[in-house]
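Asker: Input file: input15.cif. Contents: mmCIF, C-alpha atoms, pLDDT in the B column; chains and numbers go by the auth columns.
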data_start
loop_
_atom_site.group_PDB
_atom_site.id
_atom_site.type_symbol
_atom_site.label_atom_id
_atom_site.label_comp_id
_atom_site.label_asym_id
_atom_site.label_seq_id
_atom_site.Cartn_x
_atom_site.Cartn_y
_atom_site.Cartn_z
_atom_site.B_iso_or_equiv
_atom_site.auth_seq_id
_atom_site.auth_asym_id
ATOM 1 C CA MET A 1 -169.421 -53.223 -17.932 41.00 1 U
ATOM 2 C CA ILE A 2 -169.376 -49.490 -17.261 46.00 2 U
ATOM 3 C CA LYS A 3 -167.587 -47.592 -20.061 51.00 3 U
ATOM 4 C CA ASN A 4 -166.216 -45.191 -17.457 68.00 4 U
ATOM 5 C CA ASN A 5 -163.069 -46.696 -15.931 85.00 5 U
ATOM 6 C CA THR A 6 -164.211 -45.765 -12.404 91.00 6 U
ATOM 7 C CA PRO A 7 -167.575 -47.489 -11.808 95.00 7 U
ATOM 8 C CA LEU A 8 -169.141 -46.839 -8.410 97.00 8 U
ATOM 9 C CA ILE A 9 -168.957 -49.864 -6.100 98.00 9 U
ATOM 10 C CA SER A 10 -171.433 -50.268 -3.234 98.00 10 U
ATOM 11 C CA VAL A 11 -170.093 -52.310 -0.304 98.00 11 U
ATOM 12 C CA ILE A 12 -172.839 -53.567 2.016 98.00 12 U
ATOM 13 C CA ILE A 13 -172.159 -54.709 5.583 98.00 13 U
ATOM 14 C CA ALA A 14 -174.806 -56.381 7.769 97.00 14 U
ATOM 15 C CA THR A 15 -174.027 -56.040 11.479 97.00 15 U
ATOM 16 C CA TYR A 16 -175.299 -57.261 14.812 97.00 16 U
ATOM 17 C CA ASN A 17 -173.229 -56.789 17.963 97.00 17 U
ATOM 18 C CA ALA A 18 -170.118 -56.522 15.801 97.00 18 U
ATOM 19 C CA GLY A 19 -168.217 -54.141 18.044 96.00 19 U
ATOM 20 C CA LYS A 20 -165.123 -56.354 18.248 95.00 20 U
ATOM 21 C CA THR A 21 -164.567 -56.593 14.485 95.00 21 U
ATOM 22 C CA LEU A 22 -166.438 -53.868 12.606 97.00 22 U
ATOM 23 C CA GLU A 23 -163.745 -51.204 12.868 98.00 23 U
ATOM 24 C CA THR A 24 -161.179 -53.454 11.172 97.00 24 U
ATOM 25 C CA CYS A 25 -163.671 -54.219 8.413 97.00 25 U
ATOM 26 C CA LEU A 26 -164.467 -50.546 7.837 98.00 26 U
ATOM 27 C CA LYS A 27 -160.787 -49.585 7.803 98.00 27 U
ATOM 28 C CA SER A 28 -160.134 -52.217 5.136 98.00 28 U
ATOM 29 C CA ILE A 29 -162.703 -50.532 2.877 98.00 29 U
ATOM 30 C CA ILE A 30 -161.732 -46.961 3.683 98.00 30 U
ATOM 31 C CA GLY A 31 -158.092 -47.778 2.960 97.00 31 U
ATOM 32 C CA GLN A 32 -158.733 -49.173 -0.534 98.00 32 U
ATOM 33 C CA THR A 33 -156.473 -47.923 -3.325 97.00 33 U
ATOM 34 C CA TYR A 34 -159.621 -47.642 -5.479 97.00 34 U
ATOM 35 C CA ARG A 35 -161.600 -44.659 -4.244 96.00 35 U
ATOM 36 C CA ASN A 36 -164.982 -44.691 -6.036 97.00 36 U
ATOM 37 C CA PHE A 37 -167.004 -46.666 -3.514 98.00 37 U
ATOM 38 C CA GLU A 38 -169.812 -46.193 -1.035 98.00 38 U
ATOM 39 C CA ILE A 39 -170.276 -48.011 2.271 98.00 39 U
ATOM 40 C CA ILE A 40 -173.718 -49.059 3.483 98.00 40 U
ATOM 41 C CA VAL A 41 -174.173 -50.529 6.970 98.00 41 U
ATOM 42 C CA ILE A 42 -177.401 -52.292 7.945 98.00 42 U
ATOM 43 C CA ASP A 43 -177.471 -52.981 11.672 98.00 43 U
ATOM 44 C CA ALA A 44 -179.965 -55.272 13.395 97.00 44 U
ATOM 45 C CA ALA A 45 -180.428 -53.141 16.533 97.00 45 U
ATOM 46 C CA SER A 46 -177.096 -53.975 18.164 98.00 46 U
ATOM 47 C CA THR A 47 -176.811 -53.664 21.952 97.00 47 U
ATOM 48 C CA ASP A 48 -173.007 -53.423 22.168 97.00 48 U
ATOM 49 C CA ASN A 49 -170.757 -50.607 20.865 97.00 49 U
ATOM 50 C CA THR A 50 -171.473 -51.278 17.178 98.00 50 U
ATOM 51 C CA ILE A 51 -173.367 -47.998 16.748 98.00 51 U
ATOM 52 C CA ASP A 52 -170.518 -46.073 18.383 98.00 52 U
ATOM 53 C CA ILE A 53 -168.143 -47.451 15.760 98.00 53 U
ATOM 54 C CA ILE A 54 -170.558 -46.661 12.935 98.00 54 U
ATOM 55 C CA GLU A 55 -170.870 -43.088 14.163 98.00 55 U
ATOM 56 C CA LYS A 56 -167.087 -42.813 14.518 98.00 56 U
ATOM 57 C CA TYR A 57 -166.741 -43.530 10.782 98.00 57 U
ATOM 58 C CA ASN A 58 -169.935 -41.789 9.753 97.00 58 U
ATOM 59 C CA GLU A 59 -168.153 -39.450 7.311 97.00 59 U
ATOM 60 C CA TYR A 60 -167.120 -42.470 5.219 97.00 60 U
ATOM 61 C CA ILE A 61 -170.520 -44.199 5.293 98.00 61 U
ATOM 62 C CA HIS A 62 -173.047 -43.396 2.569 97.00 62 U
ATOM 63 C CA LYS A 63 -176.029 -44.799 4.509 98.00 63 U
ATOM 64 C CA TRP A 64 -176.653 -46.682 7.734 98.00 64 U
ATOM 65 C CA ILE A 65 -179.677 -47.760 9.717 98.00 65 U
ATOM 66 C CA SER A 66 -180.202 -49.720 12.918 98.00 66 U
ATOM 67 C CA GLU A 67 -183.413 -51.705 13.308 98.00 67 U
ATOM 68 C CA LYS A 68 -184.455 -55.296 13.939 96.00 68 U
ATOM 69 C CA ASP A 69 -184.604 -57.640 10.963 95.00 69 U
ATOM 70 C CA SER A 70 -185.102 -61.324 10.197 94.00 70 U
ATOM 71 C CA GLY A 71 -181.481 -62.024 9.346 94.00 71 U
ATOM 72 C CA ILE A 72 -178.565 -61.194 7.102 96.00 72 U
ATOM 73 C CA TYR A 73 -180.462 -61.519 3.813 97.00 73 U
ATOM 74 C CA GLU A 74 -183.171 -59.062 4.810 98.00 74 U
ATOM 75 C CA ALA A 75 -180.362 -56.694 5.801 98.00 75 U
ATOM 76 C CA TRP A 76 -178.632 -57.183 2.451 98.00 76 U
ATOM 77 C CA ASN A 77 -181.892 -56.529 0.603 98.00 77 U
ATOM 78 C CA LYS A 78 -182.266 -53.260 2.484 98.00 78 U
ATOM 79 C CA GLY A 79 -178.694 -52.407 1.570 98.00 79 U
ATOM 80 C CA ILE A 80 -179.323 -53.066 -2.118 98.00 80 U
ATOM 81 C CA ASN A 81 -182.313 -50.720 -2.043 98.00 81 U
ATOM 82 C CA PHE A 82 -180.188 -47.990 -0.445 98.00 82 U
ATOM 83 C CA SER A 83 -177.247 -48.504 -2.804 98.00 83 U
ATOM 84 C CA THR A 84 -176.477 -46.420 -5.888 97.00 84 U
ATOM 85 C CA GLY A 85 -173.462 -48.310 -7.245 97.00 85 U
ATOM 86 C CA ASP A 86 -172.942 -49.897 -10.639 96.00 86 U
ATOM 87 C CA TRP A 87 -171.568 -52.954 -8.815 97.00 87 U
ATOM 88 C CA ILE A 88 -172.615 -54.283 -5.409 98.00 88 U
ATOM 89 C CA GLY A 89 -170.578 -56.386 -2.991 98.00 89 U
ATOM 90 C CA PHE A 90 -171.205 -57.868 0.452 97.00 90 U
ATOM 91 C CA ILE A 91 -168.654 -58.335 3.203 96.00 91 U
ATOM 92 C CA GLY A 92 -169.080 -59.649 6.722 95.00 92 U
ATOM 93 C CA SER A 93 -168.446 -57.352 9.660 96.00 93 U
ATOM 94 C CA ASP A 94 -165.671 -59.727 10.773 94.00 94 U
ATOM 95 C CA ASP A 95 -164.097 -59.919 7.292 95.00 95 U
ATOM 96 C CA SER A 96 -161.707 -57.512 5.597 97.00 96 U
ATOM 97 C CA TYR A 97 -160.552 -56.575 2.102 98.00 97 U
ATOM 98 C CA TYR A 98 -156.927 -56.612 1.062 97.00 98 U
ATOM 99 C CA PRO A 99 -155.821 -53.077 0.062 97.00 99 U
ATOM 100 C CA ASN A 100 -156.016 -53.512 -3.738 97.00 100 U
ATOM 101 C CA ALA A 101 -159.198 -55.623 -3.769 98.00 101 U
ATOM 102 C CA LEU A 102 -161.596 -53.132 -5.347 98.00 102 U
ATOM 103 C CA GLN A 103 -158.997 -51.925 -7.854 97.00 103 U
ATOM 104 C CA ASP A 104 -158.316 -55.532 -8.856 97.00 104 U
ATOM 105 C CA TYR A 105 -162.045 -56.079 -9.379 97.00 105 U
ATOM 106 C CA VAL A 106 -162.452 -52.942 -11.475 96.00 106 U
ATOM 107 C CA ASP A 107 -159.375 -53.749 -13.576 95.00 107 U
ATOM 108 C CA HIS A 108 -160.795 -57.199 -14.273 96.00 108 U
ATOM 109 C CA ILE A 109 -164.314 -55.955 -15.011 95.00 109 U
ATOM 110 C CA LEU A 110 -162.989 -53.477 -17.564 93.00 110 U
ATOM 111 C CA THR A 111 -161.408 -56.319 -19.533 92.00 111 U
ATOM 112 C CA CYS A 112 -164.611 -58.360 -19.680 89.00 112 U
ATOM 113 C CA LYS A 113 -167.640 -58.439 -21.946 75.00 113 U
ATOM 114 C CA SER A 114 -170.177 -55.649 -21.539 77.00 114 U
ATOM 115 C CA ASP A 115 -173.030 -57.836 -20.216 88.00 115 U
ATOM 116 C CA LEU A 116 -171.105 -59.347 -17.290 94.00 116 U
ATOM 117 C CA GLU A 117 -173.437 -59.991 -14.336 97.00 117 U
ATOM 118 C CA TYR A 118 -171.113 -61.309 -11.630 97.00 118 U
ATOM 119 C CA VAL A 119 -167.396 -61.462 -10.888 97.00 119 U
ATOM 120 C CA SER A 120 -165.555 -63.330 -8.127 97.00 120 U
ATOM 121 C CA SER A 121 -162.025 -64.083 -6.969 97.00 121 U
ATOM 122 C CA LYS A 122 -160.433 -66.001 -4.087 97.00 122 U
ATOM 123 C CA MET A 123 -160.527 -65.511 -0.324 97.00 123 U
ATOM 124 C CA ASP A 124 -158.351 -66.490 2.622 96.00 124 U
ATOM 125 C CA LEU A 125 -160.254 -68.308 5.361 94.00 125 U
ATOM 126 C CA VAL A 126 -158.974 -67.616 8.880 93.00 126 U
ATOM 127 C CA ASN A 127 -160.064 -68.732 12.335 87.00 127 U
ATOM 128 C CA THR A 128 -161.328 -66.494 15.132 80.00 128 U
ATOM 129 C CA ASN A 129 -157.706 -65.797 16.136 84.00 129 U
ATOM 130 C CA ASP A 130 -156.963 -64.559 12.594 86.00 130 U
ATOM 131 C CA LYS A 131 -154.817 -67.620 11.871 91.00 131 U
ATOM 132 C CA TYR A 132 -154.787 -68.698 8.211 92.00 132 U
ATOM 133 C CA ILE A 133 -156.656 -71.931 7.450 91.00 133 U
ATOM 134 C CA LYS A 134 -156.879 -72.180 3.650 93.00 134 U
ATOM 135 C CA THR A 135 -157.643 -70.298 0.432 95.00 135 U
ATOM 136 C CA LEU A 136 -160.998 -70.840 -1.269 94.00 136 U
ATOM 137 C CA GLY A 137 -162.698 -69.803 -4.497 95.00 137 U
ATOM 138 C CA GLU A 138 -163.164 -71.211 -7.978 95.00 138 U
ATOM 139 C CA LYS A 139 -164.862 -69.991 -11.123 94.00 139 U
ATOM 140 C CA TRP A 140 -168.621 -70.386 -11.462 94.00 140 U
ATOM 141 C CA ASP A 141 -169.379 -73.446 -13.565 93.00 141 U
ATOM 142 C CA TRP A 142 -173.033 -74.413 -13.962 93.00 142 U
ATOM 143 C CA LYS A 143 -172.524 -78.183 -14.012 91.00 143 U
ATOM 144 C CA LYS A 144 -170.369 -78.142 -10.884 91.00 144 U
ATOM 145 C CA SER A 145 -171.915 -75.163 -9.127 90.00 145 U
ATOM 146 C CA ARG A 146 -175.436 -76.581 -9.094 91.00 146 U
ATOM 147 C CA LEU A 147 -174.021 -79.472 -7.049 90.00 147 U
ATOM 148 C CA MET A 148 -172.012 -77.395 -4.597 87.00 148 U
ATOM 149 C CA ASN A 149 -171.026 -73.798 -3.969 89.00 149 U
ATOM 150 C CA THR A 150 -167.487 -73.382 -5.301 89.00 150 U
ATOM 151 C CA ILE A 151 -167.200 -69.588 -5.414 93.00 151 U
ATOM 152 C CA ALA A 152 -165.960 -67.211 -2.705 92.00 152 U
ATOM 153 C CA HIS A 153 -168.966 -64.950 -2.184 92.00 153 U
ATOM 154 C CA PRO A 154 -167.529 -62.440 0.331 91.00 154 U
ATOM 155 C CA GLY A 155 -166.185 -59.489 -1.588 84.00 155 U
ATOM 156 C CA SER A 156 -167.442 -60.703 -4.964 96.00 156 U
ATOM 157 C CA LEU A 157 -169.345 -58.174 -7.056 98.00 157 U
ATOM 158 C CA HIS A 158 -172.830 -58.333 -8.576 98.00 158 U
ATOM 159 C CA SER A 159 -173.848 -55.936 -11.301 97.00 159 U
ATOM 160 C CA ARG A 160 -176.896 -53.825 -10.519 96.00 160 U
ATOM 161 C CA VAL A 161 -178.512 -55.323 -13.614 95.00 161 U
ATOM 162 C CA PHE A 162 -178.266 -58.752 -11.961 97.00 162 U
ATOM 163 C CA PHE A 163 -180.587 -57.754 -9.108 98.00 163 U
ATOM 164 C CA ASN A 164 -182.893 -55.868 -11.482 97.00 164 U
ATOM 165 C CA THR A 165 -183.207 -59.040 -13.552 97.00 165 U
ATOM 166 C CA TYR A 166 -183.317 -61.827 -10.962 97.00 166 U
ATOM 167 C CA GLY A 167 -184.651 -60.106 -7.852 98.00 167 U
ATOM 168 C CA LEU A 168 -183.392 -59.848 -4.286 98.00 168 U
ATOM 169 C CA PHE A 169 -182.248 -62.484 -1.781 98.00 169 U
ATOM 170 C CA ASP A 170 -184.866 -65.009 -0.671 98.00 170 U
ATOM 171 C CA THR A 171 -185.262 -64.404 3.065 97.00 171 U
ATOM 172 C CA ARG A 172 -186.820 -67.833 3.607 95.00 172 U
ATOM 173 C CA TYR A 173 -183.260 -69.154 3.561 95.00 173 U
ATOM 174 C CA LYS A 174 -181.092 -68.141 6.520 93.00 174 U
ATOM 175 C CA ILE A 175 -177.707 -69.552 5.453 93.00 175 U
ATOM 176 C CA CYS A 176 -177.526 -70.213 1.715 94.00 176 U
ATOM 177 C CA SER A 177 -179.593 -67.493 0.039 96.00 177 U
ATOM 178 C CA ASP A 178 -176.414 -66.004 -1.459 96.00 178 U
ATOM 179 C CA TYR A 179 -175.950 -69.382 -3.192 96.00 179 U
ATOM 180 C CA GLU A 180 -179.607 -69.699 -4.234 97.00 180 U
ATOM 181 C CA ILE A 181 -179.664 -66.325 -5.973 97.00 181 U
ATOM 182 C CA LEU A 182 -176.693 -67.295 -8.141 97.00 182 U
ATOM 183 C CA LEU A 183 -178.536 -70.390 -9.379 97.00 183 U
ATOM 184 C CA ARG A 184 -181.483 -68.395 -10.724 97.00 184 U
ATOM 185 C CA PRO A 185 -179.914 -67.509 -14.106 97.00 185 U
ATOM 186 C CA GLY A 186 -179.122 -71.178 -14.732 95.00 186 U
ATOM 187 C CA ASN A 187 -176.634 -71.981 -17.462 94.00 187 U
ATOM 188 C CA ALA A 188 -177.077 -68.463 -18.911 94.00 188 U
ATOM 189 C CA PHE A 189 -175.307 -66.806 -15.958 95.00 189 U
ATOM 190 C CA LYS A 190 -172.706 -64.325 -17.267 95.00 190 U
ATOM 191 C CA THR A 191 -169.822 -64.591 -14.825 96.00 191 U
ATOM 192 C CA SER A 192 -166.080 -64.079 -14.660 96.00 192 U
ATOM 193 C CA PHE A 193 -163.344 -65.150 -12.239 96.00 193 U
ATOM 194 C CA PHE A 194 -159.840 -63.896 -11.617 95.00 194 U
ATOM 195 C CA ASN A 195 -157.166 -65.794 -9.733 95.00 195 U
ATOM 196 C CA LYS A 196 -156.335 -63.325 -6.952 96.00 196 U
ATOM 197 C CA VAL A 197 -157.050 -63.307 -3.222 97.00 197 U
ATOM 198 C CA THR A 198 -159.033 -60.164 -2.405 98.00 198 U
ATOM 199 C CA VAL A 199 -160.615 -60.739 0.997 97.00 199 U
ATOM 200 C CA ARG A 200 -159.966 -62.304 4.379 96.00 200 U
ATOM 201 C CA MET A 201 -162.964 -64.148 5.833 94.00 201 U
ATOM 202 C CA ALA A 202 -163.306 -65.212 9.465 90.00 202 U
ATOM 203 C CA GLN A 203 -164.595 -68.729 10.045 82.00 203 U
ATOM 204 C CA GLY A 204 -167.736 -68.971 12.134 69.00 204 U
ATOM 205 C CA GLY A 205 -171.234 -67.540 12.200 56.00 205 U
ATOM 206 C CA VAL A 206 -174.509 -68.899 10.928 50.00 206 U
ATOM 207 C CA SER A 207 -173.018 -70.360 7.726 49.00 207 U
ATOM 208 C CA PHE A 208 -171.039 -72.870 9.816 56.00 208 U
ATOM 209 C CA ASN A 209 -174.142 -74.495 11.317 72.00 209 U
ATOM 210 C CA GLU A 210 -173.602 -77.569 9.175 80.00 210 U
ATOM 211 C CA LYS A 211 -176.908 -79.347 9.840 82.00 211 U
ATOM 212 C CA LYS A 212 -178.975 -76.350 8.724 88.00 212 U
ATOM 213 C CA LEU A 213 -176.548 -75.581 5.909 90.00 213 U
ATOM 214 C CA PHE A 214 -176.858 -79.052 4.364 91.00 214 U
ATOM 215 C CA LYS A 215 -180.656 -78.971 4.615 92.00 215 U
ATOM 216 C CA GLU A 216 -180.931 -75.571 2.933 94.00 216 U
ATOM 217 C CA HIS A 217 -178.431 -76.604 0.278 93.00 217 U
ATOM 218 C CA TYR A 218 -180.546 -79.650 -0.584 94.00 218 U
ATOM 219 C CA GLN A 219 -183.710 -77.538 -0.824 95.00 219 U
ATOM 220 C CA ILE A 220 -181.986 -75.022 -3.084 96.00 220 U
ATOM 221 C CA VAL A 221 -180.353 -77.411 -5.544 95.00 221 U
ATOM 222 C CA THR A 222 -183.605 -79.315 -5.999 95.00 222 U
ATOM 223 C CA SER A 223 -185.840 -76.241 -6.344 95.00 223 U
ATOM 224 C CA THR A 224 -183.900 -73.376 -7.919 96.00 224 U
ATOM 225 C CA GLY A 225 -181.171 -75.619 -9.345 94.00 225 U
ATOM 226 C CA LYS A 226 -183.679 -78.255 -10.492 93.00 226 U
ATOM 227 C CA LEU A 227 -181.150 -80.978 -9.754 92.00 227 U
ATOM 228 C CA ASN A 228 -182.247 -84.602 -10.027 93.00 228 U
ATOM 229 C CA LEU A 229 -183.561 -85.716 -6.630 93.00 229 U
ATOM 230 C CA ILE A 230 -181.447 -88.878 -6.549 93.00 230 U
ATOM 231 C CA ILE A 231 -178.241 -86.956 -7.283 92.00 231 U
ATOM 232 C CA ALA A 232 -179.185 -84.271 -4.761 91.00 232 U
ATOM 233 C CA LYS A 233 -179.863 -86.868 -2.068 92.00 233 U
ATOM 234 C CA TYR A 234 -176.526 -88.545 -2.809 90.00 234 U
ATOM 235 C CA TYR A 235 -174.611 -85.287 -2.309 87.00 235 U
ATOM 236 C CA TYR A 236 -176.652 -84.492 0.792 88.00 236 U
ATOM 237 C CA CYS A 237 -175.719 -87.819 2.373 91.00 237 U
ATOM 238 C CA LEU A 238 -172.114 -87.435 1.230 89.00 238 U
ATOM 239 C CA GLN A 239 -171.839 -84.028 2.929 87.00 239 U
ATOM 240 C CA ILE A 240 -173.213 -85.432 6.188 89.00 240 U
ATOM 241 C CA ALA A 241 -170.839 -88.410 6.035 91.00 241 U
ATOM 242 C CA LYS A 242 -167.814 -86.173 5.430 87.00 242 U
ATOM 243 C CA SER A 243 -168.847 -83.871 8.259 84.00 243 U
ATOM 244 C CA ASN A 244 -169.258 -86.778 10.697 87.00 244 U
ATOM 245 C CA LEU A 245 -165.901 -88.256 9.638 88.00 245 U
ATOM 246 C CA LYS A 246 -164.150 -84.942 10.281 82.00 246 U
ATOM 247 C CA LYS A 247 -165.688 -84.755 13.750 81.00 247 U
ATOM 248 C CA ILE A 248 -164.495 -88.272 14.566 87.00 248 U
ATOM 249 C CA LEU A 249 -160.978 -87.547 13.324 84.00 249 U
ATOM 250 C CA ARG A 250 -160.818 -84.322 15.351 78.00 250 U
ATOM 251 C CA LYS A 251 -161.742 -86.227 18.509 81.00 251 U
ATOM 252 C CA ILE A 252 -158.755 -88.510 18.027 84.00 252 U
ATOM 253 C CA GLY A 253 -156.378 -85.678 17.270 76.00 253 U
ATOM 254 C CA TYR A 254 -156.506 -85.277 13.487 73.00 254 U
ATOM 255 C CA ASN A 255 -157.659 -81.773 12.580 65.00 255 U
ATOM 256 C CA ILE A 256 -158.512 -81.817 8.845 61.00 256 U
#
Step by step, read the file and then write its structure as structure tokens.

Answerer:
Amino acid sequence: MIKNNTPLISVIIATYNAGKTLETCLKSIIGQTYRNFEIIVIDAASTDNTIDIIEKYNEYIHKWISEKDSGIYEAWNKGINFSTGDWIGFIGSDDSYYPNALQDYVDHILTCKSDLEYVSSKMDLVNTNDKYIKTLGEKWDWKKSRLMNTIAHPGSLHSRVFFNTYGLFDTRYKICSDYEILLRPGNAFKTSFFNKVTVRMAQGGVSFNEKKLFKEHYQIVTSTGKLNLIIAKYYYCLQIAKSNLKKILRKIGYNI
């Protein structure tokens, strides 16, 4: 925890051809009631009007670059290296903060123990038409979290000390590296959760490629999480079965 009641928050956005959504995302940060933040945009050489939007809001952006990369986690790693904040958060270019999100985070952080490494809240999941689907996000619990990802990562905040201690995102993973990095501290992870919705996340993107997601998840829980192989295989098969059941039900008119 920063003794000062206005810690600097770095918000990192990875973009690629995000011209349809980036402006809304940026406005949601710029319009925060909490003012001590910096915005960092890492673009993967977009070919649409993404750069035009970045330049339009250049006065609010601490740092931005546009160059090819291997994916979102390489972009986030670049953003971390450019950042100067006490706390670091990541938000998708098609996601947006609610107006009091950063203030709510800071208020919560200032009530917590001084060695806090990570803090999360809840998020609203919406479809591509911005229609509400459901609210997600639970506290980080080692026993449960090494089986499945229960936290809402978009908008959550990592202390700078966390990355100094446990390293950057593993770019070998293309979907679940934000989950893998949280498993590294094991049961010693110093986290906190508060029961507020702070961010609106759009459904879609690479994280919703279920086949690849399940495979990466299995690799992560058995390597970084050191989960028993039999238990890991059980949950892997269970995820596939649930996914297939949902697809069957959707085909016959039941959207669950």

Asker: Applied to this file, what does the PyMOL selection byres ((chain U and resi 232-241) around 12) return in terms of residues, put as a count of residues only?

Answerer: 32

Asker: Which residues, written as a PyMOL selection string, have at least one atom at most 10 Å from segment 151-164 of chain U, with only C-alpha atoms counted and residues fewer than 5 positions away on the same chain left out?

Answerer: chain U and resi 1-2+9-12+77+80+83-92+95-97+101-102+105-106+109+115-125+135-141+145+169+178-179+181-182+185+189-191+193+197-201

Asker: Skipping near chain neighbours, those fewer than 6 positions away, what residues fall within 8 Å of segment 53-61 of chain U using all atoms listed in the file, listed as a PyMOL selection string?

Answerer: chain U and resi 19+22-23+26+30+38-41

Asker: What is the distance, in Å and to one decimal place, between atom CA of Glu67 of chain U and atom CA of Gly31 of chain U?

Answerer: 27.6 Å

Asker: I'd like to know which of U:Gly253, U:Gly186, U:Gly71, U:Pro7 is closest to Leu110 of chain U, using all atoms listed in the file.

Answerer: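 Between U:Gly253, U:Gly186, U:Gly71, U:Pro7, the residue approaching Leu110 of chain U most closely is U:Pro7.
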
Asker: Pick out the closest residue to Asp43 of chain U from this set: U:Ser93, U:Thr165, U:Ser28, U:Gln203. Count only C-alpha atoms.

Answerer: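 Going through U:Ser93, U:Thr165, U:Ser28, U:Gln203 one by one, the smallest distance to Asp43 of chain U is for U:Ser93.
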
Asker: Given the choices U:Ala202, U:Leu8, U:Ala45, U:Cys25, which gets closest to Asn129 of chain U if the distance is worked out from only C-alpha atoms?

Answerer: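 Closest residue, counting only C-alpha atoms: U:Ala202.
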
Asker: With distances taken over all atoms listed in the file, which of U:Asn209, U:Thr21, U:Ser177, U:Asn100 is nearest to Thr224 of chain U?

Answerer: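 Looking only at the distances to Thr224 of chain U, the closest residue turns out to be U:Ser177.
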
Asker: Would you mind telling me which residue in U:Ile29, U:Ala44, U:Ile72, U:Ile65 lies nearest to Ile175 of chain U when using all atoms listed in the file?

Answerer: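 Closest to Ile175 of chain U of all the choices is U:Ile72.
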
Asker: Give me, please, the distance in Å between atom CA of Ile42 of chain U and atom CA of Ile13 of chain U, quoted to one decimal.

Answerer: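 Between atom CA of Ile42 of chain U and atom CA of Ile13 of chain U the gap works out to 6.2 Å.
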
Asker: Point out the residue among U:Tyr73, U:Tyr34, U:Trp142, U:Tyr173 with the least atom-to-atom distance to Asp107 of chain U, counting all atoms listed in the file.

Answerer: U:Tyr34

Asker: Using Å and a single decimal, report how far atom CA of Thr6 of chain U sits from atom CA of Asn36 of chain U.

Answerer: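 Result for atom CA of Asn36 of chain U versus atom CA of Thr6 of chain U: 6.5 Å, one decimal.
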
Asker: For segment 37-46 of chain U, I'd like the enclosing box, axis-aligned and padded by 5 Å on every side, reported as lines of an AutoDock Vina configuration file with centre and edge lengths in Å to one decimal.

Answerer:
center_x = -173.7
center_y = -50.7
center_z = 7.3
size_x = 23.4
size_y = 19.1
size_z = 31.7
